Amino acid sequence: MIGLRHSVLDADAAYVKTLSDLLEHGDDLKAGDGLSVGSGRSSKELLNYSLVLENPRERLVWNTKRRISLPGAVARFVWMMAANDRLKDIEFYWGNKVTPFSDDGVLVVGSNYGQRMLNPRPGINQVAAIIDRLQEDLATRRAAISIYQAEDSVRKSHDIPCAFGLLFHVRK
């Protein structure tokens, strides 16, 4: 299959459409044993899949089958954007969902996307850089943030980031 691309109205429609397509077209996978949270589990994979949200301001999933904790989501956003990697500071809101990712019971370094975006190394702020880049060139294809870092490919950890990176585009 070359790929599937759909246009949907909002995040709720995206959630339902993605699950439907995954069940209908996804390939069955069985993860090997390892440190990953999905270790030994079966799942489905659908490569080269994309969705376009027609109304990107409707970006929260309110589906009754997939309840969102709005306080938890806000807390995680604030925690991430503070470039904070301390388990104690997010555990109250995410508890048993985040604790298994900590290798030492103190830090969750791979889940801390804020640190990776705002200060991966001294003097580098990827968020500020993409804002500048998009203001200079609305058609750029270089407005990208790297989440996954080279050391993640060799680091033994329960907390390797799921996201590889983010790409930003200005359209219409």
# chains A, B, ... in the order shown; residues from 1 in each chain; ligands from 1

call {"tool": "select_by_dssp", "arguments": {"residues": "chain A", "states": "helix (DSSP H, G or I)", "output": "ChimeraX atom specification"}}
result
/A:11-25,70-81,87-101,113-118,126-136,150-153

call {"tool": "write_last_selection", "arguments": {"atoms": "C-alpha atoms", "output": "compact mmCIF listing (two decimals), in the first residue's frame"}}
result
# COMPACT_ATOMS: atom_id res chain seq x y z
CA ALA A 11 -9.46 15.54 16.70
CA ASP A 12 -12.44 13.33 17.61
CA ALA A 13 -12.97 12.43 13.96
CA ALA A 14 -9.21 11.89 13.55
CA TYR A 15 -9.16 9.50 16.51
CA VAL A 16 -12.08 7.42 15.20
CA LYS A 17 -10.81 7.40 11.59
CA THR A 18 -7.29 6.41 12.63
CA LEU A 19 -8.52 3.51 14.76
CA SER A 20 -10.86 2.35 12.01
CA ASP A 21 -8.10 2.46 9.37
CA LEU A 22 -5.64 0.76 11.71
CA LEU A 23 -8.02 -2.12 12.32
CA GLU A 24 -8.92 -2.44 8.63
CA HIS A 25 -5.53 -1.87 6.98
CA LEU A 70 -7.72 17.94 31.01
CA PRO A 71 -5.92 18.80 34.29
CA GLY A 72 -3.44 16.01 33.56
CA ALA A 73 -2.89 17.24 30.00
CA VAL A 74 -2.33 20.81 31.18
CA ALA A 75 0.02 19.59 33.94
CA ARG A 76 2.03 17.51 31.47
CA PHE A 77 2.27 20.45 29.05
CA VAL A 78 3.47 22.80 31.80
CA TRP A 79 5.91 20.14 33.07
CA MET A 80 7.33 19.60 29.59
CA MET A 81 7.56 23.27 28.64
CA LEU A 87 9.27 12.29 38.11
CA LYS A 88 8.04 13.72 41.43
CA ASP A 89 6.74 16.87 39.71
CA ILE A 90 4.45 15.03 37.27
CA GLU A 91 3.68 11.86 39.23
CA PHE A 92 0.68 13.37 41.04
CA TYR A 93 -1.11 13.88 37.69
CA TRP A 94 0.18 10.86 35.74
CA GLY A 95 1.26 8.44 38.53
CA ASN A 96 1.20 4.86 37.32
CA LYS A 97 1.30 5.96 33.66
CA VAL A 98 4.68 7.69 33.96
CA THR A 99 6.41 5.90 36.87
CA PRO A 100 7.34 2.78 34.83
CA PHE A 101 9.32 4.99 32.43
CA TYR A 113 10.19 16.74 25.22
CA GLY A 114 10.37 20.30 26.56
CA GLN A 115 14.02 19.90 27.54
CA ARG A 116 14.75 18.41 24.13
CA MET A 117 12.94 21.26 22.32
CA LEU A 118 13.95 24.25 24.45
CA GLN A 126 14.54 24.83 18.70
CA VAL A 127 11.12 26.44 19.31
CA ALA A 128 12.48 29.98 18.95
CA ALA A 129 14.44 28.87 15.87
CA ILE A 130 11.41 27.47 14.02
CA ILE A 131 9.34 30.56 14.83
CA ASP A 132 12.12 32.74 13.36
CA ARG A 133 12.47 30.45 10.36
CA LEU A 134 8.73 30.49 9.60
CA GLN A 135 8.57 34.28 9.99
CA GLU A 136 11.43 34.64 7.50
CA ALA A 150 21.60 10.27 18.75
CA GLU A 151 22.24 8.87 22.25
CA ASP A 152 18.68 7.48 22.31
CA SER A 153 19.69 4.93 19.68

call {"tool": "select_by_dssp", "arguments": {"residues": "segment 3-135 of chain A", "states": "strand (DSSP E or B)", "output": "NGL selection string"}}
result
:A and (4-8 or 27-30 or 42-45 or 49-53 or 86 or 107)

call {"tool": "write_last_selection", "arguments": {"atoms": "N, CA, C and O atoms", "output": "JSON list (two decimals), in the first residue's frame"}}
result
[["chain", "number", "residue", "atom", "x", "y", "z"],
["A", 4, "LEU", "N", -2.21, 6.04, 3.15],
["A", 4, "LEU", "CA", -3.56, 6.56, 3.30],
["A", 4, "LEU", "C", -3.48, 8.00, 3.78],
["A", 4, "LEU", "O", -2.69, 8.32, 4.67],
["A", 5, "ARG", "N", -4.29, 8.84, 3.21],
["A", 5, "ARG", "CA", -4.36, 10.25, 3.63],
["A", 5, "ARG", "C", -5.83, 10.64, 3.67],
["A", 5, "ARG", "O", -6.57, 10.38, 2.73],
["A", 6, "HIS", "N", -6.22, 11.23, 4.77],
["A", 6, "HIS", "CA", -7.61, 11.65, 4.94],
["A", 6, "HIS", "C", -7.67, 13.08, 5.44],
["A", 6, "HIS", "O", -6.76, 13.54, 6.11],
["A", 7, "SER", "N", -8.76, 13.72, 5.15],
["A", 7, "SER", "CA", -9.05, 15.02, 5.71],
["A", 7, "SER", "C", -10.22, 14.82, 6.66],
["A", 7, "SER", "O", -11.23, 14.22, 6.28],
["A", 8, "VAL", "N", -10.07, 15.26, 7.91],
["A", 8, "VAL", "CA", -11.12, 15.10, 8.91],
["A", 8, "VAL", "C", -11.39, 16.44, 9.57],
["A", 8, "VAL", "O", -10.54, 17.33, 9.56],
["A", 27, "ASP", "N", -1.02, -3.70, 9.76],
["A", 27, "ASP", "CA", -0.30, -4.97, 9.80],
["A", 27, "ASP", "C", -0.13, -5.41, 11.25],
["A", 27, "ASP", "O", 0.16, -4.59, 12.13],
["A", 28, "ASP", "N", -0.30, -6.71, 11.51],
["A", 28, "ASP", "CA", -0.12, -7.25, 12.85],
["A", 28, "ASP", "C", 1.36, -7.34, 13.17],
["A", 28, "ASP", "O", 2.17, -7.78, 12.35],
["A", 29, "LEU", "N", 1.72, -6.91, 14.40],
["A", 29, "LEU", "CA", 3.10, -6.96, 14.86],
["A", 29, "LEU", "C", 3.15, -7.57, 16.25],
["A", 29, "LEU", "O", 2.23, -7.41, 17.03],
["A", 30, "LYS", "N", 4.24, -8.23, 16.55],
["A", 30, "LYS", "CA", 4.49, -8.72, 17.90],
["A", 30, "LYS", "C", 5.85, -8.21, 18.31],
["A", 30, "LYS", "O", 6.86, -8.53, 17.68],
["A", 42, "SER", "N", 1.31, -7.55, 21.34],
["A", 42, "SER", "CA", 0.89, -7.50, 19.95],
["A", 42, "SER", "C", 0.30, -6.12, 19.68],
["A", 42, "SER", "O", -0.30, -5.50, 20.56],
["A", 43, "SER", "N", 0.47, -5.66, 18.47],
["A", 43, "SER", "CA", -0.09, -4.36, 18.09],
["A", 43, "SER", "C", -0.32, -4.36, 16.58],
["A", 43, "SER", "O", -0.07, -5.34, 15.91],
["A", 44, "LYS", "N", -0.78, -3.24, 16.09],
["A", 44, "LYS", "CA", -0.96, -3.05, 14.65],
["A", 44, "LYS", "C", -0.15, -1.85, 14.23],
["A", 44, "LYS", "O", 0.03, -0.91, 14.99],
["A", 45, "GLU", "N", 0.30, -1.89, 12.99],
["A", 45, "GLU", "CA", 1.12, -0.81, 12.45],
["A", 45, "GLU", "C", 0.56, -0.41, 11.09],
["A", 45, "GLU", "O", 0.19, -1.24, 10.27],
["A", 49, "TYR", "N", 0.88, 6.97, 6.86],
["A", 49, "TYR", "CA", -0.50, 7.36, 7.14],
["A", 49, "TYR", "C", -0.52, 8.82, 7.55],
["A", 49, "TYR", "O", 0.32, 9.26, 8.34],
["A", 50, "SER", "N", -1.46, 9.59, 7.05],
["A", 50, "SER", "CA", -1.54, 10.99, 7.46],
["A", 50, "SER", "C", -2.98, 11.45, 7.50],
["A", 50, "SER", "O", -3.85, 10.95, 6.79],
["A", 51, "LEU", "N", -3.20, 12.43, 8.36],
["A", 51, "LEU", "CA", -4.50, 13.08, 8.50],
["A", 51, "LEU", "C", -4.30, 14.58, 8.46],
["A", 51, "LEU", "O", -3.29, 15.09, 8.94],
["A", 52, "VAL", "N", -5.26, 15.27, 7.91],
["A", 52, "VAL", "CA", -5.27, 16.72, 7.93],
["A", 52, "VAL", "C", -6.50, 17.14, 8.73],
["A", 52, "VAL", "O", -7.62, 16.72, 8.41],
["A", 53, "LEU", "N", -6.28, 17.92, 9.79],
["A", 53, "LEU", "CA", -7.41, 18.45, 10.56],
["A", 53, "LEU", "C", -7.92, 19.71, 9.88],
["A", 53, "LEU", "O", -7.19, 20.69, 9.74],
["A", 86, "ARG", "N", 11.85, 15.83, 36.31],
["A", 86, "ARG", "CA", 11.69, 15.19, 37.61],
["A", 86, "ARG", "C", 10.36, 14.43, 37.69],
["A", 86, "ARG", "O", 9.29, 15.01, 37.52],
["A", 107, "LEU", "N", 14.08, 10.55, 37.68],
["A", 107, "LEU", "CA", 13.98, 11.30, 36.42],
["A", 107, "LEU", "C", 13.25, 10.51, 35.35],
["A", 107, "LEU", "O", 13.26, 9.28, 35.35]]

call {"tool": "atom_distance", "arguments": {"atom1": "atom CA of Asn112 of chain A", "atom2": "atom CA of Asp85 of chain A"}}
result
5.5 Å

call {"tool": "closest_atom_pairs", "arguments": {"of": "segment 32-138 of chain A", "to": "segment 157-166 of chain A", "cutoff": "6 Å", "atoms": "only C-alpha atoms", "output": "JSON lines"}}
result
{"residue": "A:Leu35", "atom": "CA", "partner": "A:His158", "partner_atom": "CA", "distance": 5.2}
{"residue": "A:Ser36", "atom": "CA", "partner": "A:His158", "partner_atom": "CA", "distance": 5.6}
{"residue": "A:Phe101", "atom": "CA", "partner": "A:Asp159", "partner_atom": "CA", "distance": 4.9}
{"residue": "A:Gly110", "atom": "CA", "partner": "A:Asp159", "partner_atom": "CA", "distance": 4.9}
{"residue": "A:Ser111", "atom": "CA", "partner": "A:Pro161", "partner_atom": "CA", "distance": 5.8}

call {"tool": "write_last_selection", "arguments": {"atoms": "all heavy atoms", "output": "short mmCIF file (atom, residue, chain, number, x, y, z; two decimals), in the first residue's frame"}}
result
data_model
loop_
_atom_site.label_atom_id
_atom_site.label_comp_id
_atom_site.auth_asym_id
_atom_site.auth_seq_id
_atom_site.Cartn_x
_atom_site.Cartn_y
_atom_site.Cartn_z
N LEU A 35 13.17 -3.57 26.99
CA LEU A 35 12.86 -2.55 27.99
C LEU A 35 11.62 -1.74 27.63
O LEU A 35 11.02 -1.11 28.49
CB LEU A 35 14.05 -1.60 28.15
CG LEU A 35 15.30 -2.17 28.79
CD1 LEU A 35 16.43 -1.14 28.74
CD2 LEU A 35 15.02 -2.60 30.21
N SER A 36 11.24 -1.72 26.37
CA SER A 36 10.12 -0.90 25.92
C SER A 36 8.84 -1.27 26.66
O SER A 36 8.60 -2.44 26.98
CB SER A 36 9.91 -1.08 24.43
OG SER A 36 8.75 -0.43 24.00
N PHE A 101 8.33 4.48 33.38
CA PHE A 101 9.32 4.99 32.43
C PHE A 101 10.61 5.44 33.10
O PHE A 101 11.62 5.61 32.44
CB PHE A 101 8.73 6.15 31.61
CG PHE A 101 7.67 5.70 30.65
CD1 PHE A 101 6.34 5.81 30.99
CD2 PHE A 101 8.01 5.19 29.41
CE1 PHE A 101 5.35 5.40 30.10
CE2 PHE A 101 7.04 4.79 28.52
CZ PHE A 101 5.70 4.89 28.86
N GLY A 110 13.58 10.81 28.81
CA GLY A 110 13.10 10.64 27.44
C GLY A 110 11.73 11.24 27.22
O GLY A 110 11.41 11.69 26.13
N SER A 111 10.91 11.26 28.26
CA SER A 111 9.56 11.81 28.16
C SER A 111 9.54 13.33 28.24
O SER A 111 8.51 13.95 28.03
CB SER A 111 8.68 11.26 29.30
OG SER A 111 8.54 9.87 29.17
#

call {"tool": "closest_residue", "arguments": {"among": "A:Ser146, A:Val154, A:Arg67, A:Asn84", "to": "Val106 of chain A", "atoms": "only C-alpha atoms"}}
result
A:Asn84

call {"tool": "closest_residue", "arguments": {"among": "A:Ala31, A:Ile68, A:Ala144, A:Leu60", "to": "Asn125 of chain A", "atoms": "only C-alpha atoms"}}
result
A:Ala144

call {"tool": "atom_distance", "arguments": {"atom1": "atom CA of Glu58 of chain A", "atom2": "atom CA of His169 of chain A"}}
result
18.1 Å

call {"tool": "atom_distance", "arguments": {"atom1": "atom CA of Ile145 of chain A", "atom2": "atom CA of Val170 of chain A"}}
result
15.2 Å

call {"tool": "closest_residue", "arguments": {"among": "A:Thr64, A:Leu167, A:Ile124, A:Asn55", "to": "Arg142 of chain A", "atoms": "only C-alpha atoms"}}
result
A:Leu167
